[in-house]
Protein chains: 2
Amino acid sequence: MTFPDLFERFATDILPMSISDATHLKFQSLARYVSARCGDAPFTGSGHDQMVFIARGSTKLVAQASHGREQIVAFNFEGDLVSVPARAAHAYSLIALVDCELIYFPADRFFQLAQEEAVIVATMLDRALQALSRCREKTITLGRKTAQERLSSFLIAMGDRIGVACDKGVALDLPMSRRDIGDSLGLTIETISRQLTELRSEGLIETPGRSQILLLNRVELNARAGHMQVAA
Amino acid sequence: MTFPDLFERFATDILPMSISDATHLKFQSLARYVSARCGDAPFTGSGHDQMVFIARGSTKLVAQASHGREQIVAFNFEGDLVSVPARAAHAYSLIALVDCELIYFPADRFFQLAQEEAVIVATMLDRALQALSRCREKTITLGRKTAQERLSSFLIAMGDRIGVACDKGVALDLPMSRRDIGDSLGLTIETISRQLTELRSEGLIETPGRSQILLLNRVELNARAGHMQVAA
DNA sequence: TTCGAAAATTGATCCAGATCAATGAAGTTC
DNA sequence: GAACTTCATTGATCTGGATCAATTTTCGAA
């Protein structure tokens with residue numbers, strides 16, 4: 001896909017229809033493009049906070065703690081806008097889970113430009129609050145849940161974000177490995193594997209391939225996730 | 001303190017100087033005020049997302065998982081603006097840690113109003129990104145750290161937010177109990193207590209009273225927290 | 001100043017999930 | 001299509017922090 005096509009995808013998703021052509025063009029001239037191969041970490045050591053739009057592919061936002069331990073802070077998919085901090089108490093990097101096409105901006109200039117029109121900042125704010133909400137849910141999962149509850153929460157969340165409805169339930173084609181799932185849920189690959197086996201043997205899921213998971217019973221999975229019952 | 005005084009505190013902290021008197025007045029007429037006693041949960045069951053400004057006091061944002069387990073998602077202090085969701089996968093409530101005075105708004109109308117001036121939305125966005133950043137750091141702490149690292153991270157973070165420099169180091173007067181610290185770090189009170197004893201016996205902290213903690217050696221605490229070394 | 005209740009500390013035991021170890025299943029490359 | 005290599009599963013053992021159980025301390029109220 002060419003750069004104009006990719007930028008157009010960004011504009012459609014993020015920039016409200018109503019904005020002026022002038023502002024649209026300024027965003028276009030600020031935008032940079034990078035094609036990342038699976039495993040690449042295109043923004044490490046950039047020295048500046050970046051705003052990254054996932055035009056195609058999926059990524060993980062990884063934080064490095066000491067002793068080489070990694071914690072995945074978020075998974076991101078096509079259409080997501082991710083803020084990648086250059087420096088904090090932990091080092092962050094955005095890593096491609098599959099081949100990706102990314103549009104990115106220096107965060108400071110991006111926000112400065114966004115301020116030209118309130119509706120753009122409002123879109124950003126909306127996205128940021130959504131990210132905050134997801135991160136809060138993750139906090140709960142990591143703080144107070146068992147391995148099975150964590151994995152169930154993860155499967156439900158992935159079902160909502162990238163699941164495809166099919167006759168047997170919801171089909172997932174996960175771009176991340178067992179290790180990634182573990183690094184996201186604060187568990188080891190072995191525990192992930194054991195819990196998948198457990199859920200499979202109880203008939204809640206099927207795992208037809210290494211990266212395919214079929215959610216057969218969302219209601220029960222939701223209960224396993226320790227979520228509050230949502231009133232009908 | 002009277003309502004106008006409290007609203008003025010909100011306006012000073014959140015509304016940029018440059019906004020028009022008309023917008024200022026609209027915020028004032030949308031604002032509601034509540035005085036919460038220690039332990040109160042003024043927004044449970046409100047049915048709507050709320051934006052809450054802590055004019056005086058400190059609060060905890062608590063999420064309820066099933067089986068009565070609680071996870072504290074964030075602590076908030078004077079001057080903070082907290083978004084309190086009405087419904088999500090978990091039930092949230094904002095609980096006063098001490099007697100508080102709160103200014104609050106229905107979130108939808110608050111954001112609608114904020115959009116009248118880009119600079120206000122930008123302030124909100126800035127606050128939201130700060131909350132996201134804190135929440136991400138919390139995610140790392142809960143996902144990949146030992147009890148001692150969690151507690152050290154907590155003490156460092158509290159030092160930064162409400163610490164007072166004194167001759168021996170940084171003095172903390174914590175408004176939250178050991179239970180709250182545990183519920184925030186995904187640990188039990190017993191573990192918190194044991195780790196405090198450990199840090200005390202190593203001369204990194206002193207605990208002169210139930211709620212007072214003195215950080216004697218921030219550098220070593222930071223290392224214990226498993227943070228990345230920040231270059232000088 | 002003493003009393004009572006809540007909060008914190010300390011100790012003993014237990015267990016969910018980590019770690020260590022081996023095997024099995026998919027891709028990949030030549 | 002055989003040999004690698006990586007990823008996933010399964011099993012055995014270990015351990016950090018939970019749980020259970022007393023004290024002990026703190027601090028507000030009388």
# chains A, B, ... in the order shown; residues from 1 in each chain; ligands from 1
>>> interface_residues(of="chain B", to="chain D", cutoff="10 Å", atoms="only C-alpha atoms (C1' of nucleotides)", output="ChimeraX atom specification")
/B:146-147,187-188,190-191,209-210
>>> write_last_selection(atoms="N, CA and C atoms", output="compact mmCIF listing (two decimals), in the first residue's frame")
# COMPACT_ATOMS: atom_id res chain seq x y z
N THR B 146 7.99 -8.59 42.39
CA THR B 146 7.88 -9.24 43.69
C THR B 146 7.25 -8.27 44.69
N ALA B 147 6.88 -8.81 45.85
CA ALA B 147 6.26 -7.99 46.89
C ALA B 147 7.13 -6.79 47.24
N LEU B 187 -1.54 -7.44 46.97
CA LEU B 187 -0.92 -8.21 48.06
C LEU B 187 -1.82 -8.17 49.28
N THR B 188 -1.49 -8.94 50.31
CA THR B 188 -2.27 -8.91 51.55
C THR B 188 -1.63 -7.94 52.54
N GLU B 190 -0.69 -8.61 55.49
CA GLU B 190 0.44 -9.28 56.14
C GLU B 190 1.72 -9.11 55.33
N THR B 191 1.61 -9.29 54.03
CA THR B 191 2.79 -9.15 53.19
C THR B 191 3.30 -7.72 53.20
N GLY B 209 4.92 6.44 62.81
CA GLY B 209 3.53 6.31 63.27
C GLY B 209 2.78 5.39 62.33
N ARG B 210 1.53 5.14 62.63
CA ARG B 210 0.73 4.22 61.84
C ARG B 210 0.71 4.64 60.36
>>> select_by_dssp(residues="segment 105-204 of chain A", states="helix (DSSP H, G or I)", output="ChimeraX atom specification")
/A:107-114,118-144,147-162,178-185,189-201
>>> closest_atom_pairs(of="chain C", to="chain B", cutoff="10 Å", atoms="only C-alpha atoms (C1' of nucleotides)", output="CSV")
residue,atom,partner,partner_atom,distance
C:DA7,C1',B:Ser177,CA,8.1
C:DA8,C1',B:Ser193,CA,7.2
C:DT9,C1',B:Ser193,CA,6.6
C:DT10,C1',B:Arg194,CA,8.3
>>> interface_residues(of="chain A", to="chain B", cutoff="7 Å", atoms="only C-alpha atoms", output="PDB file with all heavy atoms, in the first residue's frame")
ATOM      1  N   ALA A  65      11.191  -4.329  32.735  1.00  0.00           N
ATOM      2  CA  ALA A  65      11.572  -4.110  34.127  1.00  0.00           C
ATOM      3  C   ALA A  65      13.010  -4.618  34.266  1.00  0.00           C
ATOM      4  O   ALA A  65      13.584  -5.109  33.298  1.00  0.00           O
ATOM      5  CB  ALA A  65      10.626  -4.849  35.068  1.00  0.00           C
ATOM      6  N   SER A  66      13.602  -4.496  35.438  1.00  0.00           N
ATOM      7  CA  SER A  66      14.970  -4.982  35.585  1.00  0.00           C
ATOM      8  C   SER A  66      14.982  -6.509  35.508  1.00  0.00           C
ATOM      9  O   SER A  66      13.942  -7.148  35.513  1.00  0.00           O
ATOM     10  CB  SER A  66      15.536  -4.507  36.919  1.00  0.00           C
ATOM     11  OG  SER A  66      14.659  -4.867  37.963  1.00  0.00           O
ATOM     12  N   ARG A  69      12.888  -8.928  32.819  1.00  0.00           N
ATOM     13  CA  ARG A  69      11.472  -9.299  32.827  1.00  0.00           C
ATOM     14  C   ARG A  69      10.699  -8.334  31.940  1.00  0.00           C
ATOM     15  O   ARG A  69      10.951  -7.127  31.962  1.00  0.00           O
ATOM     16  CB  ARG A  69      10.926  -9.252  34.253  1.00  0.00           C
ATOM     17  CG  ARG A  69      11.490 -10.346  35.130  1.00  0.00           C
ATOM     18  CD  ARG A  69      11.190 -10.075  36.567  1.00  0.00           C
ATOM     19  NE  ARG A  69      11.778  -8.805  36.995  1.00  0.00           N
ATOM     20  CZ  ARG A  69      11.610  -8.277  38.185  1.00  0.00           C
ATOM     21  NH1 ARG A  69      10.846  -8.878  39.067  1.00  0.00           N
ATOM     22  NH2 ARG A  69      12.185  -7.135  38.503  1.00  0.00           N
ATOM     23  N   GLN A  71       6.874  -6.946  30.590  1.00  0.00           N
ATOM     24  CA  GLN A  71       5.433  -6.904  30.800  1.00  0.00           C
ATOM     25  C   GLN A  71       4.804  -6.250  29.586  1.00  0.00           C
ATOM     26  O   GLN A  71       5.198  -5.151  29.207  1.00  0.00           O
ATOM     27  CB  GLN A  71       5.101  -6.116  32.071  1.00  0.00           C
ATOM     28  CG  GLN A  71       3.610  -5.876  32.294  1.00  0.00           C
ATOM     29  CD  GLN A  71       2.841  -7.176  32.507  1.00  0.00           C
ATOM     30  OE1 GLN A  71       3.303  -8.077  33.190  1.00  0.00           O
ATOM     31  NE2 GLN A  71       1.669  -7.287  31.906  1.00  0.00           N
ATOM     32  N   VAL A  73       2.083  -4.209  28.076  1.00  0.00           N
ATOM     33  CA  VAL A  73       1.155  -3.243  28.645  1.00  0.00           C
ATOM     34  C   VAL A  73      -0.132  -3.208  27.827  1.00  0.00           C
ATOM     35  O   VAL A  73      -1.220  -2.983  28.358  1.00  0.00           O
ATOM     36  CB  VAL A  73       1.834  -1.846  28.683  1.00  0.00           C
ATOM     37  CG1 VAL A  73       0.846  -0.764  29.020  1.00  0.00           C
ATOM     38  CG2 VAL A  73       2.990  -1.856  29.673  1.00  0.00           C
ATOM     39  N   ALA A  89       9.509   5.365  34.246  1.00  0.00           N
ATOM     40  CA  ALA A  89      10.202   4.525  35.226  1.00  0.00           C
ATOM     41  C   ALA A  89      10.623   3.200  34.585  1.00  0.00           C
ATOM     42  O   ALA A  89      11.519   2.520  35.077  1.00  0.00           O
ATOM     43  CB  ALA A  89       9.310   4.281  36.439  1.00  0.00           C
ATOM     44  N   HIS A  90       9.973   2.841  33.489  1.00  0.00           N
ATOM     45  CA  HIS A  90      10.356   1.635  32.752  1.00  0.00           C
ATOM     46  C   HIS A  90      10.518   2.002  31.282  1.00  0.00           C
ATOM     47  O   HIS A  90       9.935   2.968  30.807  1.00  0.00           O
ATOM     48  CB  HIS A  90       9.304   0.545  32.919  1.00  0.00           C
ATOM     49  CG  HIS A  90       9.071   0.187  34.348  1.00  0.00           C
ATOM     50  ND1 HIS A  90       8.155   0.835  35.132  1.00  0.00           N
ATOM     51  CD2 HIS A  90       9.663  -0.726  35.158  1.00  0.00           C
ATOM     52  CE1 HIS A  90       8.186   0.335  36.364  1.00  0.00           C
ATOM     53  NE2 HIS A  90       9.089  -0.609  36.418  1.00  0.00           N
ATOM     54  N   ALA A  91      11.336   1.196  30.577  1.00  0.00           N
ATOM     55  CA  ALA A  91      11.577   1.468  29.160  1.00  0.00           C
ATOM     56  C   ALA A  91      10.500   0.791  28.322  1.00  0.00           C
ATOM     57  O   ALA A  91      10.239  -0.394  28.477  1.00  0.00           O
ATOM     58  CB  ALA A  91      12.953   0.945  28.775  1.00  0.00           C
ATOM     59  N   GLN A 115      -4.541  20.741  18.500  1.00  0.00           N
ATOM     60  CA  GLN A 115      -5.231  21.829  19.200  1.00  0.00           C
ATOM     61  C   GLN A 115      -5.827  22.869  18.265  1.00  0.00           C
ATOM     62  O   GLN A 115      -6.601  23.718  18.685  1.00  0.00           O
ATOM     63  CB  GLN A 115      -4.282  22.503  20.177  1.00  0.00           C
ATOM     64  CG  GLN A 115      -4.333  21.859  21.540  1.00  0.00           C
ATOM     65  CD  GLN A 115      -3.744  22.757  22.605  1.00  0.00           C
ATOM     66  OE1 GLN A 115      -4.302  23.794  22.938  1.00  0.00           O
ATOM     67  NE2 GLN A 115      -2.602  22.354  23.115  1.00  0.00           N
ATOM     68  N   GLU A 117      -7.999  22.354  16.186  1.00  0.00           N
ATOM     69  CA  GLU A 117      -9.439  22.131  16.131  1.00  0.00           C
ATOM     70  C   GLU A 117      -9.886  21.254  17.310  1.00  0.00           C
ATOM     71  O   GLU A 117      -9.412  20.125  17.468  1.00  0.00           O
ATOM     72  CB  GLU A 117      -9.822  21.466  14.801  1.00  0.00           C
ATOM     73  CG  GLU A 117      -9.276  22.269  13.621  1.00  0.00           C
ATOM     74  CD  GLU A 117     -10.023  22.041  12.313  1.00  0.00           C
ATOM     75  OE1 GLU A 117     -11.217  21.698  12.348  1.00  0.00           O
ATOM     76  OE2 GLU A 117      -9.385  22.209  11.254  1.00  0.00           O
ATOM     77  N   ALA A 118     -10.802  21.801  18.087  1.00  0.00           N
ATOM     78  CA  ALA A 118     -11.245  21.135  19.316  1.00  0.00           C
ATOM     79  C   ALA A 118     -11.724  19.715  19.048  1.00  0.00           C
ATOM     80  O   ALA A 118     -11.493  18.809  19.849  1.00  0.00           O
ATOM     81  CB  ALA A 118     -12.350  21.935  19.993  1.00  0.00           C
ATOM     82  N   VAL A 119     -12.364  19.501  17.906  1.00  0.00           N
ATOM     83  CA  VAL A 119     -12.951  18.200  17.631  1.00  0.00           C
ATOM     84  C   VAL A 119     -11.868  17.120  17.474  1.00  0.00           C
ATOM     85  O   VAL A 119     -12.083  15.959  17.825  1.00  0.00           O
ATOM     86  CB  VAL A 119     -13.882  18.287  16.391  1.00  0.00           C
ATOM     87  CG1 VAL A 119     -13.082  18.612  15.148  1.00  0.00           C
ATOM     88  CG2 VAL A 119     -14.671  17.010  16.216  1.00  0.00           C
ATOM     89  N   VAL A 121      -8.895  17.175  19.141  1.00  0.00           N
ATOM     90  CA  VAL A 121      -8.453  16.885  20.509  1.00  0.00           C
ATOM     91  C   VAL A 121      -9.482  16.007  21.207  1.00  0.00           C
ATOM     92  O   VAL A 121      -9.127  15.094  21.949  1.00  0.00           O
ATOM     93  CB  VAL A 121      -8.259  18.169  21.350  1.00  0.00           C
ATOM     94  CG1 VAL A 121      -7.335  17.866  22.518  1.00  0.00           C
ATOM     95  CG2 VAL A 121      -7.707  19.292  20.531  1.00  0.00           C
ATOM     96  N   ALA A 122     -10.768  16.269  20.923  1.00  0.00           N
ATOM     97  CA  ALA A 122     -11.825  15.475  21.545  1.00  0.00           C
ATOM     98  C   ALA A 122     -11.715  14.013  21.123  1.00  0.00           C
ATOM     99  O   ALA A 122     -11.891  13.106  21.945  1.00  0.00           O
ATOM    100  CB  ALA A 122     -13.186  16.043  21.180  1.00  0.00           C
ATOM    101  N   LEU A 125      -8.876  12.565  23.003  1.00  0.00           N
ATOM    102  CA  LEU A 125      -9.267  12.365  24.397  1.00  0.00           C
ATOM    103  C   LEU A 125     -10.109  11.103  24.529  1.00  0.00           C
ATOM    104  O   LEU A 125      -9.900  10.289  25.435  1.00  0.00           O
ATOM    105  CB  LEU A 125     -10.048  13.591  24.886  1.00  0.00           C
ATOM    106  CG  LEU A 125     -10.624  13.515  26.306  1.00  0.00           C
ATOM    107  CD1 LEU A 125      -9.523  13.243  27.321  1.00  0.00           C
ATOM    108  CD2 LEU A 125     -11.354  14.804  26.664  1.00  0.00           C
ATOM    109  N   ALA A 128      -7.869   8.218  24.290  1.00  0.00           N
ATOM    110  CA  ALA A 128      -7.039   8.104  25.498  1.00  0.00           C
ATOM    111  C   ALA A 128      -7.853   7.524  26.646  1.00  0.00           C
ATOM    112  O   ALA A 128      -7.365   6.664  27.397  1.00  0.00           O
ATOM    113  CB  ALA A 128      -6.473   9.468  25.887  1.00  0.00           C
ATOM    114  N   LEU A 129      -9.106   7.942  26.768  1.00  0.00           N
ATOM    115  CA  LEU A 129      -9.949   7.430  27.856  1.00  0.00           C
ATOM    116  C   LEU A 129     -10.277   5.960  27.636  1.00  0.00           C
ATOM    117  O   LEU A 129     -10.374   5.190  28.589  1.00  0.00           O
ATOM    118  CB  LEU A 129     -11.231   8.257  27.977  1.00  0.00           C
ATOM    119  CG  LEU A 129     -11.031   9.651  28.556  1.00  0.00           C
ATOM    120  CD1 LEU A 129     -12.316  10.457  28.476  1.00  0.00           C
ATOM    121  CD2 LEU A 129     -10.537   9.589  29.998  1.00  0.00           C
ATOM    122  N   LEU A 132      -7.249   4.178  28.707  1.00  0.00           N
ATOM    123  CA  LEU A 132      -7.212   4.194  30.173  1.00  0.00           C
ATOM    124  C   LEU A 132      -8.157   3.142  30.733  1.00  0.00           C
ATOM    125  O   LEU A 132      -7.801   2.388  31.649  1.00  0.00           O
ATOM    126  CB  LEU A 132      -7.599   5.584  30.687  1.00  0.00           C
ATOM    127  CG  LEU A 132      -7.682   5.737  32.216  1.00  0.00           C
ATOM    128  CD1 LEU A 132      -6.347   5.423  32.872  1.00  0.00           C
ATOM    129  CD2 LEU A 132      -8.146   7.146  32.590  1.00  0.00           C
ATOM    130  N   CYS A 135      -6.692  -0.208  30.293  1.00  0.00           N
ATOM    131  CA  CYS A 135      -5.559  -0.389  31.192  1.00  0.00           C
ATOM    132  C   CYS A 135      -6.042  -0.627  32.620  1.00  0.00           C
ATOM    133  O   CYS A 135      -5.479  -1.455  33.349  1.00  0.00           O
ATOM    134  CB  CYS A 135      -4.648   0.843  31.105  1.00  0.00           C
ATOM    135  SG  CYS A 135      -3.038   0.605  31.861  1.00  0.00           S
ATOM    136  N   ARG A 136      -7.107   0.057  33.011  1.00  0.00           N
ATOM    137  CA  ARG A 136      -7.670  -0.166  34.340  1.00  0.00           C
ATOM    138  C   ARG A 136      -8.177  -1.588  34.476  1.00  0.00           C
ATOM    139  O   ARG A 136      -7.947  -2.255  35.490  1.00  0.00           O
ATOM    140  CB  ARG A 136      -8.827   0.810  34.595  1.00  0.00           C
ATOM    141  CG  ARG A 136      -8.380   2.222  34.964  1.00  0.00           C
ATOM    142  CD  ARG A 136      -9.591   3.131  35.016  1.00  0.00           C
ATOM    143  NE  ARG A 136      -9.279   4.438  35.588  1.00  0.00           N
ATOM    144  CZ  ARG A 136     -10.141   5.454  35.650  1.00  0.00           C
ATOM    145  NH1 ARG A 136     -11.383   5.295  35.175  1.00  0.00           N
ATOM    146  NH2 ARG A 136      -9.792   6.599  36.179  1.00  0.00           N
ATOM    147  N   LYS A 138      -7.112  -4.116  32.943  1.00  0.00           N
ATOM    148  CA  LYS A 138      -5.933  -4.970  33.005  1.00  0.00           C
ATOM    149  C   LYS A 138      -5.352  -4.982  34.408  1.00  0.00           C
ATOM    150  O   LYS A 138      -4.919  -6.020  34.916  1.00  0.00           O
ATOM    151  CB  LYS A 138      -4.891  -4.454  32.003  1.00  0.00           C
ATOM    152  CG  LYS A 138      -3.750  -5.401  31.748  1.00  0.00           C
ATOM    153  CD  LYS A 138      -2.789  -4.802  30.725  1.00  0.00           C
ATOM    154  CE  LYS A 138      -1.714  -5.772  30.352  1.00  0.00           C
ATOM    155  NZ  LYS A 138      -2.214  -6.872  29.515  1.00  0.00           N
ATOM    156  N   THR A 139      -5.339  -3.814  35.019  1.00  0.00           N
ATOM    157  CA  THR A 139      -4.869  -3.670  36.397  1.00  0.00           C
ATOM    158  C   THR A 139      -5.629  -4.608  37.330  1.00  0.00           C
ATOM    159  O   THR A 139      -5.045  -5.295  38.169  1.00  0.00           O
ATOM    160  CB  THR A 139      -5.086  -2.211  36.851  1.00  0.00           C
ATOM    161  OG1 THR A 139      -4.162  -1.380  36.174  1.00  0.00           O
ATOM    162  CG2 THR A 139      -4.900  -2.058  38.342  1.00  0.00           C
ATOM    163  N   ILE A 140      -6.945  -4.652  37.163  1.00  0.00           N
ATOM    164  CA  ILE A 140      -7.772  -5.514  38.011  1.00  0.00           C
ATOM    165  C   ILE A 140      -7.404  -6.971  37.774  1.00  0.00           C
ATOM    166  O   ILE A 140      -7.232  -7.752  38.707  1.00  0.00           O
ATOM    167  CB  ILE A 140      -9.265  -5.289  37.700  1.00  0.00           C
ATOM    168  CG1 ILE A 140      -9.626  -3.833  37.929  1.00  0.00           C
ATOM    169  CG2 ILE A 140     -10.138  -6.197  38.538  1.00  0.00           C
ATOM    170  CD1 ILE A 140     -10.906  -3.408  37.254  1.00  0.00           C
ATOM    171  N   LEU A 142      -4.613  -8.220  36.686  1.00  0.00           N
ATOM    172  CA  LEU A 142      -3.291  -8.580  37.194  1.00  0.00           C
ATOM    173  C   LEU A 142      -3.234  -8.552  38.715  1.00  0.00           C
ATOM    174  O   LEU A 142      -2.465  -9.290  39.332  1.00  0.00           O
ATOM    175  CB  LEU A 142      -2.239  -7.630  36.626  1.00  0.00           C
ATOM    176  CG  LEU A 142      -2.014  -7.729  35.124  1.00  0.00           C
ATOM    177  CD1 LEU A 142      -0.982  -6.700  34.683  1.00  0.00           C
ATOM    178  CD2 LEU A 142      -1.551  -9.124  34.755  1.00  0.00           C
ATOM    179  N   GLY A 143      -4.065  -7.707  39.311  1.00  0.00           N
ATOM    180  CA  GLY A 143      -3.961  -7.552  40.752  1.00  0.00           C
ATOM    181  C   GLY A 143      -4.696  -8.608  41.551  1.00  0.00           C
ATOM    182  O   GLY A 143      -4.233  -9.029  42.602  1.00  0.00           O
ATOM    183  N   ARG A 144      -5.819  -9.067  41.055  1.00  0.00           N
ATOM    184  CA  ARG A 144      -6.703  -9.841  41.919  1.00  0.00           C
ATOM    185  C   ARG A 144      -7.287 -11.087  41.286  1.00  0.00           C
ATOM    186  O   ARG A 144      -8.324 -11.563  41.711  1.00  0.00           O
ATOM    187  CB  ARG A 144      -7.865  -8.949  42.383  1.00  0.00           C
ATOM    188  CG  ARG A 144      -7.485  -7.954  43.459  1.00  0.00           C
ATOM    189  CD  ARG A 144      -7.384  -8.650  44.799  1.00  0.00           C
ATOM    190  NE  ARG A 144      -6.945  -7.760  45.871  1.00  0.00           N
ATOM    191  CZ  ARG A 144      -5.840  -7.969  46.569  1.00  0.00           C
ATOM    192  NH1 ARG A 144      -5.048  -8.973  46.290  1.00  0.00           N
ATOM    193  NH2 ARG A 144      -5.506  -7.150  47.554  1.00  0.00           N
ATOM    194  N   LEU A 185      -0.329 -11.248  30.775  1.00  0.00           N
ATOM    195  CA  LEU A 185      -1.158 -11.605  31.930  1.00  0.00           C
ATOM    196  C   LEU A 185      -0.343 -11.833  33.199  1.00  0.00           C
ATOM    197  O   LEU A 185      -0.902 -12.187  34.249  1.00  0.00           O
ATOM    198  CB  LEU A 185      -1.965 -12.875  31.620  1.00  0.00           C
ATOM    199  CG  LEU A 185      -2.938 -12.779  30.439  1.00  0.00           C
ATOM    200  CD1 LEU A 185      -3.635 -14.106  30.219  1.00  0.00           C
ATOM    201  CD2 LEU A 185      -3.966 -11.674  30.689  1.00  0.00           C
ATOM    202  N   GLY A 186       0.968 -11.637  33.126  1.00  0.00           N
ATOM    203  CA  GLY A 186       1.799 -11.857  34.302  1.00  0.00           C
ATOM    204  C   GLY A 186       1.897 -13.321  34.671  1.00  0.00           C
ATOM    205  O   GLY A 186       1.973 -13.673  35.838  1.00  0.00           O
ATOM    206  N   GLY A 226     -14.483 -13.757  36.100  1.00  0.00           N
ATOM    207  CA  GLY A 226     -14.708 -12.993  37.332  1.00  0.00           C
ATOM    208  C   GLY A 226     -15.274 -11.620  37.067  1.00  0.00           C
ATOM    209  O   GLY A 226     -15.166 -10.725  37.899  1.00  0.00           O
ATOM    210  N   HIS A 227     -15.886 -11.455  35.893  1.00  0.00           N
ATOM    211  CA  HIS A 227     -16.518 -10.168  35.589  1.00  0.00           C
ATOM    212  C   HIS A 227     -17.825 -10.049  36.353  1.00  0.00           C
ATOM    213  O   HIS A 227     -18.424 -11.040  36.756  1.00  0.00           O
ATOM    214  CB  HIS A 227     -16.801 -10.053  34.087  1.00  0.00           C
ATOM    215  CG  HIS A 227     -15.573  -9.831  33.270  1.00  0.00           C
ATOM    216  ND1 HIS A 227     -15.555  -9.888  31.913  1.00  0.00           N
ATOM    217  CD2 HIS A 227     -14.316  -9.558  33.637  1.00  0.00           C
ATOM    218  CE1 HIS A 227     -14.333  -9.674  31.477  1.00  0.00           C
ATOM    219  NE2 HIS A 227     -13.556  -9.466  32.507  1.00  0.00           N
ATOM    220  N   MET A 228     -18.258  -8.809  36.532  1.00  0.00           N
ATOM    221  CA  MET A 228     -19.560  -8.599  37.151  1.00  0.00           C
ATOM    222  C   MET A 228     -20.617  -8.985  36.133  1.00  0.00           C
ATOM    223  O   MET A 228     -20.438  -8.806  34.932  1.00  0.00           O
ATOM    224  CB  MET A 228     -19.743  -7.127  37.530  1.00  0.00           C
ATOM    225  CG  MET A 228     -18.699  -6.604  38.486  1.00  0.00           C
ATOM    226  SD  MET A 228     -18.515  -7.592  39.985  1.00  0.00           S
ATOM    227  CE  MET A 228     -19.865  -6.947  40.974  1.00  0.00           C
TER     228      MET A 228
END
>>> atom_distance(atom1="atom CA of Asp180 of chain A", atom2="atom CA of Ala165 of chain A")
24.0 Å
>>> closest_residue(among="B:Asp21, B:Asp40, B:Asp49, B:Glu202", to="Tyr92 of chain B", atoms="only C-alpha atoms")
B:Asp49
>>> select_by_dssp(residues="segment 7-232 of chain A", states="strand (DSSP E)", output="PyMOL selection string")
chain A and resi 32-36+50-56+58-64+70-77+81-84+91-96+100-106+164-166+169-173+205-206+212-215
>>> atom_distance(atom1="atom CA of Leu214 of chain A", atom2="atom C1' of DG24 of chain C")
22.4 Å
>>> residues_around(residues="Val164 of chain A", least_positions_apart="6", cutoff="12 Å", atoms="only C-alpha atoms (C1' of nucleotides)", output="list in words")
Met158, Val170, Ala171, Leu172, Asp173, Leu174, Gln212, Ile213, Leu214 and Leu215 of chain A
>>> atom_distance(atom1="atom CA of Ile103 of chain A", atom2="atom CA of Ser211 of chain A")
26.7 Å
